[in-house]
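K.L.:
Pasting a structure below so you can have a look.
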Amino acid sequence: MTLSWLQFSQASHPTKNLDPSSTQYPGGLKTQFHKVKPGDTLIALLEQHGFDIHQRTEILKQKVFSENFTLIPGEKYRTASSKDHAFKELKFYEMPTNNILIFWRKGPQAGSLSRTETYTIKTKTARGRITGSILASINQHTRDDFVAQRFMDAYALDYKLTKEVQRGAKFAVTYEEKYDGNEFIGTGEVIETELEINGKNDKRQFVSYTDGGSFISAKYIHKDRPLYSPVSYQRITSQFNRRRFHPITKRRTPHLGVDFELPEGEDLYASAEGKVLRMGKNRAAGYYVVIRHVNGLESYYNHMQSIDARIRNGSYIKNGQVIGKVGCTGYCTKPHLHFAIKKRGQFIDPIPFIKSYPYKEKALIVQHIEAFNDDGATSLKR
Ligand SMILES: [Zn+2]
């Protein structure tokens, strides 16, 4: 499997320079992998690798990285240098996406760029039993938070996993590993999962498409759910919870919607047809849109980077119409969509109302569900 949702568009990462590492150097380039140490900053690393003050200033000025860009201790980066050290390049990997950032110097010049990397993909399967929390149990076998979180995402629309999965339940998870040459860089998408729930195995498969992907199940096809997914990729970072502890205000404040984490600039879709009830910007929600649907439901989209120019108060919205882009406006620490629905004036948990895929992928997903044979789970019996 070489395709992955992680090939996100480059809209928010313009290329500022051509890649000088693609030119030939006498004697070739010497490459080396390193790990970010606690306290490392981009500027300190550039200085360490011989970028002078003018070169560092130039790189900062070019701003190819987003405001949220930080180095995480333990993360890998790669250096490449010519034999005479006149050329040097630092390459950083923006996991879990396929974006990379390159900072280079060549003689007195310096520059930076951002592009999509083509990794060598290997798949790996981990099997085990749930012993403590589900996240911790999966993490123990995969040593990767992202894989564990995606495992949860695979079932999130159909179960309250923390309540419905028993101690000792068997699981299996197949996921991608990304390699730059022979070097392991990080894990990619989860492509198949199995989990024993109420004594039965529930198998899920990931179907990818150009700007995302969805988990499908042979049993839960969401035919009767009235709303399509407002995003092309459901990475759930916060569930509906009337008694949530708020990370910013440090107080118990209800979380009256679901948070989907996505890279800034990704498209947001109307979850059904309807009319724009309200839109605009406020302090908490940032840029937001509210749509009233024919079935009486209202859907809310908060923290948007921008609202599509065609959206106006009172305008008719088609099912799946692009209404804006993912952002981090209002009370927000990381780009995401806060999605909420109201029924008879009350916010309710959106999860039982939404399908796992956006309207535009309807035909593709239905086709995959029909072909998906959950054969009663052979692999957990092994
Ligand atoms: Zn939220």
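We label chains A, B, ... in the order they appear in the structure tokens, count residues from 1 in each chain, and number ligands from 1 in the order shown.
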Within 8 Å of ligand 1, counting only C-alpha atoms and all ligand atoms, which protein or nucleic acid residues do you find, written as a PyMOL selection string?
P.N.:
chain A and resi 238-239+255-259+302+337-339
K.L.:
Can I get the residues of segment 292-352 of chain A within 12 Å of segment 213-226 of chain A, each with the closest pair of atoms and their distance in Å to one decimal, using only C-alpha atoms, sorted chain first then ascending number, as a Markdown table?
P.N.:
| residue | atom | partner | partner_atom | distance |
| --- | --- | --- | --- | --- |
| A:His293 | CA | A:Pro226 | CA | 9.8 |
| A:Val294 | CA | A:Pro226 | CA | 10.3 |
| A:Asn295 | CA | A:Pro226 | CA | 8.4 |
| A:Gly296 | CA | A:Pro226 | CA | 10.8 |
| A:Leu297 | CA | A:Pro226 | CA | 9.2 |
| A:Glu298 | CA | A:Pro226 | CA | 11.5 |
| A:Ser299 | CA | A:Pro226 | CA | 11.4 |
| A:Asn319 | CA | A:Pro226 | CA | 10.9 |
| A:Ile341 | CA | A:Pro226 | CA | 11.6 |
| A:Pro350 | CA | A:Arg225 | CA | 10.4 |
| A:Ile351 | CA | A:Arg225 | CA | 9.7 |
| A:Pro352 | CA | A:Arg225 | CA | 7.3 |
K.L.:
Just write the chosen residues, N, CA and C atoms, as a PDB file, in the first residue's frame.
P.N.:
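Contents of out-v5.pdb, freshly written:
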ATOM      1  N   HIS A 293     -30.713  22.478   8.777  1.00  0.00           N
ATOM      2  CA  HIS A 293     -31.051  21.447   7.794  1.00  0.00           C
ATOM      3  C   HIS A 293     -32.549  21.176   7.771  1.00  0.00           C
ATOM      4  N   VAL A 294     -33.008  20.535   6.696  1.00  0.00           N
ATOM      5  CA  VAL A 294     -34.442  20.313   6.524  1.00  0.00           C
ATOM      6  C   VAL A 294     -35.049  19.439   7.621  1.00  0.00           C
ATOM      7  N   ASN A 295     -34.228  18.524   8.169  1.00  0.00           N
ATOM      8  CA  ASN A 295     -34.749  17.639   9.218  1.00  0.00           C
ATOM      9  C   ASN A 295     -34.794  18.305  10.591  1.00  0.00           C
ATOM     10  N   GLY A 296     -34.514  19.608  10.650  1.00  0.00           N
ATOM     11  CA  GLY A 296     -34.590  20.322  11.921  1.00  0.00           C
ATOM     12  C   GLY A 296     -33.275  20.384  12.673  1.00  0.00           C
ATOM     13  N   LEU A 297     -32.278  19.624  12.224  1.00  0.00           N
ATOM     14  CA  LEU A 297     -30.967  19.690  12.875  1.00  0.00           C
ATOM     15  C   LEU A 297     -30.236  20.953  12.447  1.00  0.00           C
ATOM     16  N   GLU A 298     -29.384  21.448  13.342  1.00  0.00           N
ATOM     17  CA  GLU A 298     -28.489  22.549  12.974  1.00  0.00           C
ATOM     18  C   GLU A 298     -27.061  22.062  13.144  1.00  0.00           C
ATOM     19  N   SER A 299     -26.198  22.373  12.182  1.00  0.00           N
ATOM     20  CA  SER A 299     -24.795  21.974  12.344  1.00  0.00           C
ATOM     21  C   SER A 299     -23.907  23.205  12.487  1.00  0.00           C
ATOM     22  N   ASN A 319     -25.589  19.633  -0.207  1.00  0.00           N
ATOM     23  CA  ASN A 319     -24.956  18.569   0.560  1.00  0.00           C
ATOM     24  C   ASN A 319     -23.492  18.445   0.136  1.00  0.00           C
ATOM     25  N   ILE A 341     -23.830  19.722  16.787  1.00  0.00           N
ATOM     26  CA  ILE A 341     -25.186  19.787  16.245  1.00  0.00           C
ATOM     27  C   ILE A 341     -26.201  20.091  17.343  1.00  0.00           C
ATOM     28  N   PRO A 350     -22.885  14.678  18.432  1.00  0.00           N
ATOM     29  CA  PRO A 350     -23.021  14.508  16.978  1.00  0.00           C
ATOM     30  C   PRO A 350     -22.716  13.087  16.490  1.00  0.00           C
ATOM     31  N   ILE A 351     -21.934  12.342  17.273  1.00  0.00           N
ATOM     32  CA  ILE A 351     -21.429  11.039  16.802  1.00  0.00           C
ATOM     33  C   ILE A 351     -22.513  10.102  16.236  1.00  0.00           C
ATOM     34  N   PRO A 352     -23.638   9.888  16.940  1.00  0.00           N
ATOM     35  CA  PRO A 352     -24.620   8.941  16.382  1.00  0.00           C
ATOM     36  C   PRO A 352     -25.319   9.441  15.113  1.00  0.00           C
TER      37      PRO A 352
END
K.L.:
Do you have, as a tab-separated table, the list of residues of segment 112-138 of chain A lying at most 9 Å from segment 170-179 of chain A, each with its nearest atom pair and that distance in Å to one decimal, counting only C-alpha atoms and ordered by chain then number?
P.N.:
residue	atom	partner	partner_atom	distance
A:Tyr119	CA	A:Tyr179	CA	5.5
A:Thr120	CA	A:Tyr179	CA	5.0
A:Ile121	CA	A:Lys178	CA	5.0
A:Lys122	CA	A:Glu177	CA	5.2
A:Thr123	CA	A:Glu176	CA	4.5
A:Lys124	CA	A:Thr174	CA	5.5
A:Thr125	CA	A:Thr174	CA	4.2
A:Ala126	CA	A:Val173	CA	5.4
A:Arg127	CA	A:Ala172	CA	4.3
A:Gly128	CA	A:Phe171	CA	5.6
A:Arg129	CA	A:Lys170	CA	4.3
A:Ile130	CA	A:Lys170	CA	6.4
A:Ile138	CA	A:Phe171	CA	8.3
K.L.:
Output as a PyMOL selection string all residues of segment 250-283 of chain A that backbone DSSP marks as strand (DSSP E or B).
P.N.:
chain A and resi 252+255+258-261+267-269+274-282
K.L.:
Which residue is closest to Asp308 of chain A? Choose from A:Ile100, A:Met279, A:Ile236, A:Cys332 and count only C-alpha atoms.
P.N.:
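Closest to Asp308 of chain A of all the choices is A:Met279.
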K.L.:
Between atom CA of Leu29 of chain A and atom CA of Glu89 of chain A, what is the distance, to one decimal in Å?
P.N.:
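The value is 9.7 Å.
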K.L.:
Using 12 Å as the limit and counting only C-alpha atoms, can you tabulate each residue of segment 167-276 of chain A that touches segment 51-70 of chain A, with its shortest atom-to-atom distance in Å and the two atoms involved, as JSON lines?
P.N.:
{"residue": "A:Pro263", "atom": "CA", "partner": "A:Ser66", "partner_atom": "CA", "distance": 10.4}
{"residue": "A:Glu264", "atom": "CA", "partner": "A:Ser66", "partner_atom": "CA", "distance": 9.2}
{"residue": "A:Gly265", "atom": "CA", "partner": "A:Ser66", "partner_atom": "CA", "distance": 11.5}
K.L.:
Do you know which residues are at most 8 Å from segment 313-316 of chain A counting only C-alpha atoms, after dropping those on the same chain fewer than 3 positions away, and could you put them as a PDB file with N, CA and C atoms, in the first residue's frame?
P.N.:
ATOM      1  N   GLU A 273     -27.617  19.161   3.161  1.00  0.00           N
ATOM      2  CA  GLU A 273     -28.068  20.408   2.550  1.00  0.00           C
ATOM      3  C   GLU A 273     -28.806  21.244   3.592  1.00  0.00           C
ATOM      4  N   GLY A 274     -28.902  22.535   3.326  1.00  0.00           N
ATOM      5  CA  GLY A 274     -29.592  23.386   4.285  1.00  0.00           C
ATOM      6  C   GLY A 274     -29.420  24.858   3.955  1.00  0.00           C
ATOM      7  N   LYS A 275     -29.728  25.695   4.960  1.00  0.00           N
ATOM      8  CA  LYS A 275     -29.612  27.139   4.787  1.00  0.00           C
ATOM      9  C   LYS A 275     -28.686  27.711   5.845  1.00  0.00           C
ATOM     10  N   VAL A 276     -27.861  28.678   5.467  1.00  0.00           N
ATOM     11  CA  VAL A 276     -26.967  29.297   6.449  1.00  0.00           C
ATOM     12  C   VAL A 276     -27.803  30.136   7.420  1.00  0.00           C
ATOM     13  N   LEU A 277     -27.724  29.743   8.695  1.00  0.00           N
ATOM     14  CA  LEU A 277     -28.511  30.405   9.728  1.00  0.00           C
ATOM     15  C   LEU A 277     -27.740  31.606  10.283  1.00  0.00           C
ATOM     16  N   ARG A 278     -26.429  31.384  10.480  1.00  0.00           N
ATOM     17  CA  ARG A 278     -25.541  32.436  10.976  1.00  0.00           C
ATOM     18  C   ARG A 278     -24.140  32.146  10.473  1.00  0.00           C
ATOM     19  N   MET A 279     -23.316  33.176  10.407  1.00  0.00           N
ATOM     20  CA  MET A 279     -21.903  33.002  10.089  1.00  0.00           C
ATOM     21  C   MET A 279     -21.165  34.240  10.531  1.00  0.00           C
TER      22      MET A 279
END
K.L.:
What residues in segment 48-206 of chain A get the DSSP label helix (DSSP H, G or I)? Please answer as a VMD selection string.
P.N.:
chain A and resid 48 53 to 62 134 to 142 145 to 155 161 to 164
